[in-house]
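**Student:** So I've got this file, target-v1.txt, and it contains compact mmCIF, C-alpha atoms:
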# COMPACT_ATOMS: atom_id res chain seq x y z
CA MET A 1047 28.41 41.55 80.28
CA SER A 1048 27.36 43.55 77.31
CA ASN A 1049 23.99 44.84 76.31
CA THR A 1050 24.57 43.07 73.02
CA GLU A 1051 24.70 39.78 74.80
CA SER A 1052 21.54 40.41 76.75
CA ALA A 1053 19.76 41.14 73.49
CA VAL A 1054 21.22 38.26 71.56
CA SER A 1055 20.96 35.54 74.15
CA ARG A 1056 17.32 36.08 75.06
CA PRO A 1057 14.80 33.41 74.03
CA GLY A 1058 12.58 33.76 70.95
CA PRO A 1059 13.39 35.00 67.45
CA SER A 1060 16.78 36.69 67.09
CA LEU A 1061 17.31 40.43 66.93
CA ASP A 1062 18.39 39.94 63.32
CA LEU A 1063 14.98 38.63 62.29
CA TYR A 1064 13.14 41.58 63.83
CA ALA A 1065 15.53 44.02 62.14
CA VAL A 1066 15.09 42.31 58.76
CA ALA A 1067 11.29 42.27 59.18
CA LEU A 1068 11.19 45.97 60.03
CA ALA A 1069 13.46 46.89 57.11
CA LEU A 1070 11.41 44.83 54.63
CA LEU A 1071 8.17 46.33 55.93
CA ALA A 1072 9.63 49.83 55.50
CA ALA A 1073 10.75 48.93 51.97
CA LEU A 1074 7.24 47.77 51.06
CA LEU A 1075 5.66 50.91 52.54
CA VAL A 1076 8.03 53.01 50.42
CA ARG A 1077 7.46 50.87 47.33
CA PHE A 1078 3.68 51.21 47.45
CA ASN A 1079 3.84 54.90 48.41
CA LEU A 1080 2.14 54.27 51.75
CA ILE A 1081 4.52 56.69 53.48
CA PRO A 1082 5.74 60.09 52.20
CA PRO A 1083 9.25 60.33 50.66
CA ILE A 1084 11.93 60.16 53.35
CA LYS A 1085 14.26 63.16 53.45
CA TRP A 1086 17.71 63.37 55.02
CA MET B 573 38.27 52.33 75.00
CA ALA B 574 34.98 50.90 75.62
CA THR B 575 33.00 48.40 77.39
CA ALA B 576 29.33 47.85 77.44
CA ALA B 577 28.43 49.28 80.80
CA ILE B 578 24.74 49.48 80.21
CA ARG B 579 22.64 46.59 81.44
CA THR B 580 19.16 45.84 80.22
CA PRO B 581 16.68 45.16 82.99
CA ILE B 582 14.25 42.36 82.25
CA ALA B 583 10.74 43.77 82.03
CA ALA B 584 7.73 41.62 82.79
CA SER B 585 5.54 41.95 79.72
CA PHE B 586 5.79 42.96 76.07
CA GLY B 587 3.97 46.24 76.81
CA GLN B 588 6.29 47.11 79.68
CA ARG B 589 9.34 46.18 77.61
CA THR B 590 8.15 48.43 74.79
CA ILE B 591 7.49 51.38 77.11
CA ALA B 592 10.90 50.83 78.73
CA LEU B 593 12.55 51.41 75.33
CA ILE B 594 11.13 54.92 74.86
CA PRO B 595 13.51 57.05 77.03
CA GLY B 596 16.64 55.45 75.52
CA LEU B 597 15.27 55.69 71.98
CA LEU B 598 14.57 59.39 72.52
CA LEU B 599 18.12 59.80 73.84
CA LEU B 600 19.56 58.02 70.76
CA ALA B 601 17.49 60.26 68.49
CA ALA B 602 18.47 63.43 70.40
CA VAL B 603 22.21 62.63 70.38
CA GLY B 604 22.16 61.53 66.73
CA TYR B 605 20.17 64.56 65.62
CA ALA B 606 22.42 66.87 67.65
CA GLY B 607 25.34 65.46 65.64
CA LYS B 608 23.54 66.14 62.38
CA PHE B 609 22.56 69.63 63.57
CA ILE B 610 26.17 70.49 64.48
CA GLU B 611 27.41 69.31 61.07
CA LEU B 612 24.79 71.35 59.22
CA SER B 613 25.35 74.44 61.39
CA ILE B 614 29.12 74.42 60.95
CA ASN B 615 28.80 73.91 57.19
CA ALA B 616 26.24 76.74 56.93
CA TYR B 617 28.46 79.06 59.00
CA ALA B 618 31.56 78.22 56.96
CA LYS B 619 29.64 78.82 53.72
CA ALA B 620 28.08 82.11 54.86
CA HIS B 621 31.39 83.50 56.15
CA HIS B 622 33.53 82.00 53.38
CA THR B 623 35.60 80.33 56.09
CA PRO B 624 37.38 77.14 55.10
CA PHE B 625 36.41 74.48 57.63
CA PRO B 626 36.73 70.72 57.18
CA ASP B 627 33.38 68.96 56.71
CA ILE B 628 33.16 66.81 59.84
CA GLU B 629 30.41 64.24 59.39
CA PHE B 630 27.54 63.93 61.87
CA VAL B 631 28.91 60.46 62.61
CA LEU B 632 31.85 61.87 64.56
CA TRP B 633 29.75 64.48 66.38
CA ALA B 634 27.15 61.89 67.43
CA ILE B 635 29.84 59.53 68.73
CA VAL B 636 31.69 62.31 70.57
CA ILE B 637 28.50 63.66 72.21
CA GLY B 638 27.60 60.11 73.28
CA LEU B 639 31.12 59.54 74.65
CA ILE B 640 31.04 62.78 76.64
CA LEU B 641 27.62 62.00 78.12
CA SER B 642 28.43 58.41 79.09
CA ASN B 643 31.81 59.30 80.60
CA THR B 644 30.86 62.44 82.52
CA ILE B 645 27.33 62.41 83.86
CA GLY B 646 26.80 58.73 82.96
CA ILE B 647 23.70 57.16 81.47
CA PRO B 648 20.88 56.62 84.02
CA ARG B 649 19.38 53.14 84.04
CA ILE B 650 16.06 54.35 82.65
CA PHE B 651 17.78 54.95 79.28
CA ALA B 652 19.55 51.59 79.16
CA PRO B 653 16.96 49.43 77.32
CA GLY B 654 16.42 52.00 74.55
CA VAL B 655 20.14 52.71 74.10
CA ALA B 656 20.74 48.97 73.79
CA THR B 657 18.62 48.97 70.61
CA TYR B 658 21.43 50.64 68.66
CA GLU B 659 22.46 47.27 67.27
CA PHE B 660 18.92 46.61 66.08
CA TRP B 661 19.01 49.92 64.11
CA LEU B 662 22.41 48.97 62.72
CA LYS B 663 21.03 45.74 61.28
CA ALA B 664 17.87 47.37 59.91
CA GLY B 665 20.09 50.10 58.38
CA ILE B 666 22.34 47.52 56.72
CA VAL B 667 19.34 45.70 55.19
CA LEU B 668 18.02 49.01 53.79
CA LEU B 669 21.50 49.91 52.53
CA GLY B 670 21.14 46.93 50.18
CA SER B 671 18.99 49.26 48.02
CA ARG B 672 22.15 51.22 47.14
CA PHE B 673 23.90 48.18 45.64
CA LEU B 674 23.24 46.43 42.37
CA LEU B 675 23.58 42.69 42.90
CA GLY B 676 26.46 42.61 40.39
CA ASP B 677 28.43 45.06 42.56
CA VAL B 678 27.65 43.00 45.63
CA LEU B 679 28.95 39.86 43.93
CA HIS B 680 32.05 41.62 42.57
CA LEU B 681 33.07 43.45 45.75
CA GLY B 682 31.68 40.70 47.99
CA GLY B 683 33.74 38.12 46.07
CA ILE B 684 36.92 40.17 46.48
CA SER B 685 36.06 40.68 50.18
CA LEU B 686 35.50 36.96 50.65
CA LEU B 687 38.88 36.13 49.15
CA LEU B 688 40.65 38.72 51.29
CA VAL B 689 38.69 37.70 54.41
CA ALA B 690 39.75 34.06 53.92
CA ILE B 691 43.45 34.99 53.64
CA ALA B 692 43.28 37.47 56.53
CA LEU B 693 41.40 34.98 58.71
CA LEU B 694 43.92 32.23 58.29
CA LEU B 695 46.88 34.48 59.06
CA SER B 696 45.26 36.47 61.86
CA LEU B 697 43.91 33.43 63.73
CA THR B 698 47.38 31.85 63.62
CA PHE B 699 49.02 35.09 64.76
CA MET B 700 46.55 35.62 67.63
CA HIS B 701 47.14 32.10 68.95
CA LEU B 702 50.91 32.59 68.87
CA LEU B 703 50.49 35.90 70.71
CA GLY B 704 48.16 34.37 73.29
CA ARG B 705 50.74 31.66 73.97
CA ALA B 706 53.56 34.26 74.23
CA PHE B 707 51.52 36.32 76.74
CA LYS B 708 50.45 33.15 78.64
CA LEU B 709 46.73 33.85 78.27
CA LYS B 710 44.21 31.10 79.04
CA PRO B 711 43.66 29.12 75.80
CA LYS B 712 39.91 29.78 75.66
CA LEU B 713 40.41 33.51 76.24
CA THR B 714 42.89 33.45 73.36
CA SER B 715 40.29 31.63 71.22
CA LEU B 716 37.68 34.30 72.02
CA LEU B 717 40.11 37.14 71.30
CA ALA B 718 41.15 35.49 68.03
CA ILE B 719 37.52 35.03 66.94
CA GLY B 720 36.59 38.57 68.01
CA SER B 721 39.47 40.31 66.30
CA SER B 722 39.56 38.27 63.13
CA ILE B 723 35.90 37.79 62.37
CA CYS B 724 33.28 39.96 63.87
CA GLY B 725 33.90 41.53 67.23
CA VAL B 726 31.35 41.19 69.98
CA SER B 727 28.76 39.17 68.01
CA ALA B 728 31.34 36.50 67.21
CA ILE B 729 32.51 36.29 70.82
CA ILE B 730 28.89 35.96 71.99
CA ALA B 731 28.25 33.29 69.35
CA ALA B 732 31.39 31.40 70.32
CA LYS B 733 31.17 31.59 74.13
CA PRO B 734 28.57 28.85 74.71
CA SER B 735 29.92 26.75 71.83
CA ILE B 736 33.37 26.42 73.36
CA ASP B 737 32.15 26.53 77.00
CA ALA B 738 34.22 29.62 77.78
CA ASP B 739 34.02 31.37 81.19
CA ASP B 740 31.90 34.50 81.63
CA GLU B 741 35.02 36.29 82.83
CA ASP B 742 36.98 35.38 79.70
CA ALA B 743 34.12 36.54 77.47
CA SER B 744 33.89 39.83 79.42
CA TYR B 745 37.63 40.43 78.99
CA ALA B 746 37.52 39.61 75.29
CA ILE B 747 34.45 41.82 74.69
CA ALA B 748 35.98 44.71 76.66
CA ALA B 749 39.24 44.48 74.72
CA ILE B 750 37.49 44.25 71.35
CA LEU B 751 35.22 47.21 72.10
CA ALA B 752 38.14 49.29 73.34
CA LEU B 753 40.14 48.55 70.22
CA GLY B 754 37.11 49.26 68.02
CA ALA B 755 36.78 52.72 69.58
CA ILE B 756 40.47 53.42 68.90
CA SER B 757 40.06 52.28 65.27
CA LEU B 758 37.23 54.77 64.79
CA PHE B 759 39.60 57.66 65.25
CA THR B 760 42.80 56.23 63.75
CA PHE B 761 41.55 54.55 60.55
CA PRO B 762 40.25 57.69 58.80
CA LEU B 763 43.49 59.54 59.64
CA ILE B 764 45.62 56.72 58.21
CA GLY B 765 43.34 56.44 55.15
CA HIS B 766 43.72 60.14 54.37
CA ALA B 767 47.48 60.05 55.00
CA LEU B 768 47.80 57.19 52.49
CA HIS B 769 45.39 58.88 50.01
CA LEU B 770 43.30 55.71 49.80
CA SER B 771 40.40 55.72 47.35
CA ASP B 772 36.88 55.43 48.80
CA LYS B 773 36.63 51.81 47.68
CA ALA B 774 40.07 50.81 48.99
CA TYR B 775 39.51 52.54 52.33
CA GLY B 776 35.99 51.11 52.71
CA LEU B 777 37.26 47.63 51.99
CA TRP B 778 40.09 48.07 54.51
CA ALA B 779 37.75 49.35 57.25
CA GLY B 780 35.30 46.52 56.58
CA LEU B 781 38.07 43.90 56.73
CA ALA B 782 40.01 45.25 59.71
CA VAL B 783 37.62 46.96 62.15
CA ASP B 784 36.02 44.36 64.39
CA ASN B 785 32.57 45.41 65.44
CA THR B 786 29.99 46.03 62.73
CA ALA B 787 28.87 49.34 64.27
CA GLU B 788 32.46 50.63 64.49
CA ALA B 789 33.32 49.38 60.97
CA THR B 790 30.24 51.18 59.59
CA ALA B 791 31.13 54.35 61.48
CA ALA B 792 34.83 54.19 60.49
CA GLY B 793 33.77 53.90 56.83
CA ALA B 794 31.18 56.69 57.06
CA LEU B 795 33.73 58.98 58.74
CA TYR B 796 35.85 58.77 55.58
CA SER B 797 33.09 59.31 53.01
CA ASP B 798 29.58 58.16 52.13
CA ALA B 799 30.95 55.88 49.37
CA ALA B 800 33.58 54.40 51.70
CA GLY B 801 30.88 53.73 54.30
CA LYS B 802 28.88 51.76 51.73
CA VAL B 803 31.86 49.56 50.81
CA ALA B 804 32.83 49.11 54.48
CA VAL B 805 29.36 47.75 55.25
CA LEU B 806 29.53 45.34 52.33
CA ALA B 807 32.98 44.02 53.30
CA LYS B 808 31.98 43.74 56.97
CA THR B 809 28.78 41.91 56.02
CA THR B 810 30.83 39.40 54.03
CA ARG B 811 32.99 38.87 57.12
CA ASN B 812 29.92 38.49 59.33
CA ALA B 813 28.56 35.77 57.05
CA LEU B 814 31.51 33.56 58.07
CA ILE B 815 30.81 33.67 61.82
CA GLY B 816 29.09 30.27 61.85
CA PHE B 817 31.94 28.46 60.08
CA ILE B 818 34.64 29.81 62.39
CA VAL B 819 32.62 29.20 65.55
CA LEU B 820 31.85 25.67 64.36
CA ALA B 821 35.55 25.01 63.72
CA TYR B 822 36.44 26.18 67.25
CA ALA B 823 33.57 24.18 68.77
CA ILE B 824 34.82 21.03 67.02
CA TYR B 825 38.38 21.73 68.18
CA TRP B 826 37.42 22.23 71.85
CA SER B 827 34.99 19.31 71.89
CA SER B 828 37.71 17.06 70.40
CA ARG B 829 39.78 17.96 73.48
CA GLY B 830 36.85 17.12 75.74
CA GLN B 831 36.42 20.73 76.85
CA ALA B 832 33.17 21.59 75.04
CA GLN B 833 29.98 19.82 74.04
CA VAL B 834 29.93 17.86 70.77
CA ILE B 835 27.94 19.58 67.99
CA GLY B 836 25.28 17.19 66.65
CA ASN B 837 23.54 18.76 63.65
CA LYS B 838 26.20 20.93 62.05
CA ALA B 839 23.91 22.42 59.38
CA ALA B 840 21.41 23.54 62.04
CA PHE B 841 24.31 24.97 64.07
CA LEU B 842 25.54 26.97 61.05
CA TRP B 843 22.05 28.32 60.35
CA LYS B 844 21.57 29.30 63.99
CA LYS B 845 24.82 31.27 64.01
CA PHE B 846 24.34 32.80 60.54
CA PRO B 847 23.55 36.53 60.72
CA LYS B 848 20.11 36.73 59.07
CA PHE B 849 20.42 40.43 58.19
CA VAL B 850 22.90 39.40 55.47
CA LEU B 851 19.98 37.69 53.68
CA GLY B 852 17.80 40.79 54.10
CA PHE B 853 20.61 42.91 52.60
CA LEU B 854 20.89 40.58 49.59
CA LEU B 855 17.10 40.51 49.10
CA ILE B 856 16.78 44.31 49.04
CA SER B 857 19.78 44.51 46.70
CA LEU B 858 18.14 41.96 44.38
CA LEU B 859 14.86 43.91 44.41
CA ALA B 860 16.73 47.14 43.61
CA THR B 861 18.59 45.37 40.78
CA VAL B 862 15.43 44.05 39.09
CA GLY B 863 13.79 47.50 39.17
CA PHE B 864 11.24 46.78 41.92
CA PHE B 865 11.80 50.31 43.28
CA ALA B 866 11.55 53.58 41.31
CA LYS B 867 14.47 56.02 41.58
CA PRO B 868 12.82 58.34 44.17
CA GLN B 869 11.90 55.27 46.21
CA LEU B 870 15.53 54.13 46.19
CA ALA B 871 16.47 57.58 47.50
CA SER B 872 13.90 57.19 50.30
CA LEU B 873 15.28 53.78 51.26
CA ALA B 874 18.84 55.15 51.30
CA ASN B 875 17.68 57.99 53.57
CA LEU B 876 15.87 55.56 55.88
CA SER B 877 19.13 53.64 56.14
CA ARG B 878 20.94 56.89 57.09
CA TRP B 879 18.39 57.60 59.85
CA ALA B 880 18.86 54.08 61.20
CA PHE B 881 22.65 54.58 61.21
CA LEU B 882 22.22 57.94 62.97
CA LEU B 883 20.65 56.08 65.92
CA THR B 884 23.42 53.46 65.73
CA PHE B 885 26.28 55.96 65.89
CA ALA B 886 24.67 57.73 68.86
CA GLY B 887 24.54 54.32 70.59
CA VAL B 888 28.23 53.60 69.84
CA GLY B 889 29.24 56.68 71.87
CA LEU B 890 26.67 56.19 74.62
CA ARG B 891 27.65 52.59 75.39
CA THR B 892 31.36 53.39 75.58
CA ASN B 893 32.72 53.66 79.10
CA LEU B 894 36.39 54.62 79.41
CA ARG B 895 36.54 53.84 83.15
CA GLU B 896 35.79 50.17 82.54
CA LEU B 897 39.02 49.85 80.58
CA GLY B 898 41.10 50.11 83.75
CA ARG B 899 39.24 47.20 85.32
CA GLN B 900 40.40 44.63 82.79
CA GLY B 901 43.86 43.16 82.90
CA TRP B 902 46.49 44.63 80.62
CA ARG B 903 47.47 41.33 78.98
CA PRO B 904 44.21 40.59 77.09
CA PHE B 905 44.24 44.19 75.91
CA ALA B 906 47.89 43.97 74.85
CA VAL B 907 47.24 40.76 72.91
CA GLY B 908 44.18 42.35 71.30
CA ALA B 909 46.04 45.56 70.46
CA ILE B 910 49.07 43.83 68.93
CA GLY B 911 46.77 41.46 67.06
CA GLU B 912 44.65 44.34 65.76
CA ALA B 913 47.73 46.24 64.58
CA PHE B 914 48.85 43.09 62.75
CA ILE B 915 45.40 42.59 61.18
CA ALA B 916 45.21 46.27 60.18
CA LEU B 917 48.61 46.06 58.43
CA LEU B 918 47.85 42.69 56.86
CA THR B 919 44.47 43.78 55.48
CA LEU B 920 45.95 47.07 54.27
CA GLY B 921 48.52 45.08 52.29
CA LEU B 922 45.77 42.82 50.93
CA VAL B 923 43.66 45.82 49.90
CA PHE B 924 46.63 47.40 48.09
CA GLY B 925 47.19 44.09 46.32
CA ALA B 926 43.51 43.73 45.39
CA ASP B 927 43.37 47.33 44.14
CA HIS B 928 46.37 46.65 41.93
CA TYR B 929 45.56 43.17 40.63
CA LEU B 930 41.78 42.80 40.86
CA LYS B 931 40.70 46.41 40.10
CA LEU B 932 38.34 47.32 42.92
Please re-express this file's structure in C-alpha cells.
**Tutor:**
Amino acid sequence: MSNTESAVSRPGPSLDLYAVALALLAALLVRFNLIPPIKW
Amino acid sequence: MATAAIRTPIAASFGQRTIALIPGLLLLAAVGYAGKFIELSINAYAKAHHTPFPDIEFVLWAIVIGLILSNTIGIPRIFAPGVATYEFWLKAGIVLLGSRFLLGDVLHLGGISLLLVAIALLLSLTFMHLLGRAFKLKPKLTSLLAIGSSICGVSAIIAAKPSIDADDEDASYAIAAILALGAISLFTFPLIGHALHLSDKAYGLWAGLAVDNTAEATAAGALYSDAAGKVAVLAKTTRNALIGFIVLAYAIYWSSRGQAQVIGNKAAFLWKKFPKFVLGFLLISLLATVGFFAKPQLASLANLSRWAFLLTFAGVGLRTNLRELGRQGWRPFAVGAIGEAFIALLTLGLVFGADHYLKL
C-alpha cells in the first residue's frame, strides 16, 4: 500500500495536526522576528 | 503513472524514527534544490546570451529528476521514511500559503469552488458508478475509484477504505489508478490551459477542481504560474474539506446493505475525517487579514511555503514508480481514466461558466 496510508493510519495525532502545529510555530517565529527573514 | 512503491519501516522509538527520516529528507531537499538550481541556471544563461528560452519552473525539474531517480536506479529503503514526509510538507506549505490570501478572497473564491465542487461531485459520482457497472468492476472498488477521482485522491480512498470495509486489494488498485492519473494530469493540464489561453484564476480553479491528489493539484497549478498555483490550492482545499461528508454518505450506504459497520456518532466521524490543515490555512489567512503580520513577514511566510512545496514536489517524483502500473489490471485504470477525462471536461465547462457569470 502507499506511504500515505502508513503515515495516515498510524496511531496518535494525525499528520495534519503536526503539519498545522509546525506551520503555526513557524508563523509565530516570523511574527516575533525570532528567525531571520526567509529568502527564496 | 505512479504508485507508491516506497514502504515506511516501523522504527522502535521516537529517536530512531526521527533519525530514520534524515536520509530521505536530505534527498528531498537535494532533488528539490536541484530543480530550483536548474531553473535559475537556465534563466541566467538565457538572459546572458539573449537566447529566448521558456521559463520552466523548478516544479517540473524537481518532479522529473525524482521520476528519473525512482525509475532508473530506484530509491534505496534507507531513504523511504524521509521521502514519505512529502505529504507532511505539503500540508505545512498549504497552511503557510494562507498568509497570501485575504479572508475575503478565500470566502469569494472558496464559495465559488464549493458551488462548483458540489455540482461536479454529484455528476462525477453518478458517472463513475455507471462506468464501474459497464466495466463490471466490484462495487466497492467502484466506490473507492469514485471517491478518489471526484473528491480527493489517495487521502479520500484511505479515509473511505475502513468505513466501507473495502478489501486491501481494491484500495491498492484504486490508489494506483488515481496516482497514475494524477501524474498524467501534471503534464497535460498546463498544456491544455495554455492552448485554451485560460487566465491564472480560471486555470487554477480548474486544476484544483479536477486534479485528484492535493500534491499533484498544487504542482499542476504551480506549473502554470505562481498565481494559478495559489488558486489551485484554495480550490483543492475546498474539495478536501468535503471528504468527511462523502465518506460518511458511502459508509451509510454500505452499512444499510449490511456490508459495512454502522456509524454511531456521525459528528465525531465527520471531525475525525475532516482535514485539519484546512483550519490552519483559514487561521493564517485570518491573521494576515487582520494585520497580525507586517508586509516583510508576509513575504517570509510565503517563501517558507515555497520551500515546503519544493520538498513536496521532489517527493511527488520520487514516489512515482512507472513499473508498478503494469501490475494493476487494465479495467480499474480504464474506468479511472475515462472518469478523469469526464471530470476534467465537466469542471472545465463549470469554470468557463463561473468565469462568465460569477466573475472569478
**Student:** At most 9 Å is the cut-off: for each residue in chain B with any atom that close to an atom of chain A, write down the nearest atom pair and the distance in Å rounded to one decimal, counting all atoms listed in the file, chain first then increasing number, as CSV.
**Tutor:**
residue,atom,partner,partner_atom,distance
B:Thr575,CA,A:Ser1048,CA,7.4
B:Ala576,CA,A:Ser1048,CA,4.7
B:Ala577,CA,A:Ser1048,CA,6.8
B:Ile578,CA,A:Asn1049,CA,6.1
B:Arg579,CA,A:Asn1049,CA,5.6
B:Thr580,CA,A:Asn1049,CA,6.3
B:Ala652,CA,A:Asn1049,CA,8.6
B:Pro653,CA,A:Asn1049,CA,8.5
B:Ala656,CA,A:Asn1049,CA,5.8
B:Thr657,CA,A:Ala1053,CA,8.4
B:Glu659,CA,A:Thr1050,CA,7.4
B:Phe660,CA,A:Ala1065,CA,5.8
B:Trp661,CA,A:Ala1065,CA,7.1
B:Leu662,CA,A:Ala1065,CA,8.5
B:Lys663,CA,A:Ala1065,CA,5.8
B:Ala664,CA,A:Ala1065,CA,4.7
B:Gly665,CA,A:Ala1069,CA,7.5
B:Ile666,CA,A:Ala1069,CA,8.9
B:Val667,CA,A:Ala1069,CA,6.3
B:Leu668,CA,A:Ala1069,CA,6.0
B:Val726,CA,A:Thr1050,CA,7.7
B:Ser727,CA,A:Thr1050,CA,7.6
B:Ile730,CA,A:Glu1051,CA,6.3
B:Ala731,CA,A:Val1054,CA,8.9
B:Asp740,CA,A:Met1047,CA,8.0
B:Glu741,CA,A:Met1047,CA,8.8
B:Ala743,CA,A:Met1047,CA,8.1
B:Ser744,CA,A:Met1047,CA,5.8
B:Ile747,CA,A:Ser1048,CA,7.8
B:Ala748,CA,A:Ser1048,CA,8.7
B:Pro847,CA,A:Asp1062,CA,6.7
B:Lys848,CA,A:Asp1062,CA,5.6
B:Phe849,CA,A:Asp1062,CA,5.5
B:Val850,CA,A:Val1066,CA,9.0
B:Leu851,CA,A:Val1066,CA,8.4
B:Gly852,CA,A:Val1066,CA,5.6
B:Phe853,CA,A:Val1066,CA,8.3
B:Ile856,CA,A:Leu1070,CA,7.8
B:Phe864,CA,A:Arg1077,CA,7.8
B:Phe865,CA,A:Arg1077,CA,6.0
B:Ala866,CA,A:Arg1077,CA,7.8
B:Pro868,CA,A:Pro1083,CA,7.7
B:Gln869,CA,A:Val1076,CA,6.1
B:Leu870,CA,A:Val1076,CA,8.7
B:Ala871,CA,A:Ile1084,CA,7.8
B:Ser872,CA,A:Ile1084,CA,4.7
B:Leu873,CA,A:Ala1073,CA,6.7
B:Ala874,CA,A:Ile1084,CA,8.8
B:Asn875,CA,A:Trp1086,CA,5.6
B:Leu876,CA,A:Ile1084,CA,6.6
B:Ser877,CA,A:Ala1069,CA,8.9
B:Arg878,CA,A:Trp1086,CA,7.5
B:Trp879,CA,A:Trp1086,CA,7.6
B:Arg891,CA,A:Asn1049,CA,8.6
**Student:** Could you tell me how far CA of Leu612 (chain B) lies from CA of Lys802 (chain B), in Å and to one decimal?
**Tutor:** 21.4 Å
**Student:** Figure out the distance between CA of Ala860 (chain B) and CA of Gly604 (chain B), please, to one decimal in Å.
**Tutor:**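 One can read the CA of Gly604 (chain B) to CA of Ala860 (chain B) distance as 27.8 Å.
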**Student:** Could you check which of B:Leu717, B:Ala807, B:Val603, B:Leu674 is closest to Leu781 (chain B), using all atoms listed in the file?
**Tutor:** B:Ala807
**Student:** Take CA of Leu681 (chain B) and CA of Phe885 (chain B) and report the distance between them in Å, one decimal.
**Tutor:**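 Between these atoms lies a distance of 24.7 Å.
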**Student:** Which protein, DNA or RNA residues have an atom at most 10 Å from (37.6, 39.2, 67.5), counting only C-alpha atoms? List them as a PDB file with C-alpha atoms, keeping the file's coordinate frame.
**Tutor:**
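Contents of the output file point.pdb:
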ATOM      1  CA  SER B 696      45.260  36.470  61.860  1.00  0.00           C
ATOM      2  CA  LEU B 697      43.910  33.430  63.730  1.00  0.00           C
ATOM      3  CA  MET B 700      46.550  35.620  67.630  1.00  0.00           C
ATOM      4  CA  THR B 714      42.890  33.450  73.360  1.00  0.00           C
ATOM      5  CA  SER B 715      40.290  31.630  71.220  1.00  0.00           C
ATOM      6  CA  LEU B 716      37.680  34.300  72.020  1.00  0.00           C
ATOM      7  CA  LEU B 717      40.110  37.140  71.300  1.00  0.00           C
ATOM      8  CA  ALA B 718      41.150  35.490  68.030  1.00  0.00           C
ATOM      9  CA  ILE B 719      37.520  35.030  66.940  1.00  0.00           C
ATOM     10  CA  GLY B 720      36.590  38.570  68.010  1.00  0.00           C
ATOM     11  CA  SER B 721      39.470  40.310  66.300  1.00  0.00           C
ATOM     12  CA  SER B 722      39.560  38.270  63.130  1.00  0.00           C
ATOM     13  CA  ILE B 723      35.900  37.790  62.370  1.00  0.00           C
ATOM     14  CA  CYS B 724      33.280  39.960  63.870  1.00  0.00           C
ATOM     15  CA  GLY B 725      33.900  41.530  67.230  1.00  0.00           C
ATOM     16  CA  VAL B 726      31.350  41.190  69.980  1.00  0.00           C
ATOM     17  CA  SER B 727      28.760  39.170  68.010  1.00  0.00           C
ATOM     18  CA  ALA B 728      31.340  36.500  67.210  1.00  0.00           C
ATOM     19  CA  ILE B 729      32.510  36.290  70.820  1.00  0.00           C
ATOM     20  CA  ALA B 746      37.520  39.610  75.290  1.00  0.00           C
ATOM     21  CA  ILE B 747      34.450  41.820  74.690  1.00  0.00           C
ATOM     22  CA  ALA B 749      39.240  44.480  74.720  1.00  0.00           C
ATOM     23  CA  ILE B 750      37.490  44.250  71.350  1.00  0.00           C
ATOM     24  CA  LEU B 751      35.220  47.210  72.100  1.00  0.00           C
ATOM     25  CA  VAL B 783      37.620  46.960  62.150  1.00  0.00           C
ATOM     26  CA  ASP B 784      36.020  44.360  64.390  1.00  0.00           C
ATOM     27  CA  ASN B 785      32.570  45.410  65.440  1.00  0.00           C
ATOM     28  CA  GLY B 908      44.180  42.350  71.300  1.00  0.00           C
ATOM     29  CA  GLY B 911      46.770  41.460  67.060  1.00  0.00           C
ATOM     30  CA  GLU B 912      44.650  44.340  65.760  1.00  0.00           C
TER      31      GLU B 912
END
**Student:** Which neighbours of region 584-597 of chain B fall inside 6 Å, counting all atoms listed in the file, when residues of the same chain fewer than 3 positions from it are skipped, and could you give them as a PyMOL selection string?
**Tutor:** chain B and resi 600+651+653-655
**Student:** List the neighbours of Pro762 (chain B) out to 9 Å using only C-alpha atoms; skip same-chain residues closer than 6 positions along the sequence, and give me the result as a list in words.
**Tutor:**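 Neighbouring residues, sequence-local ones excluded: Tyr775, Ala779, Ala792, Gly793, Leu795 and Tyr796 of chain B.
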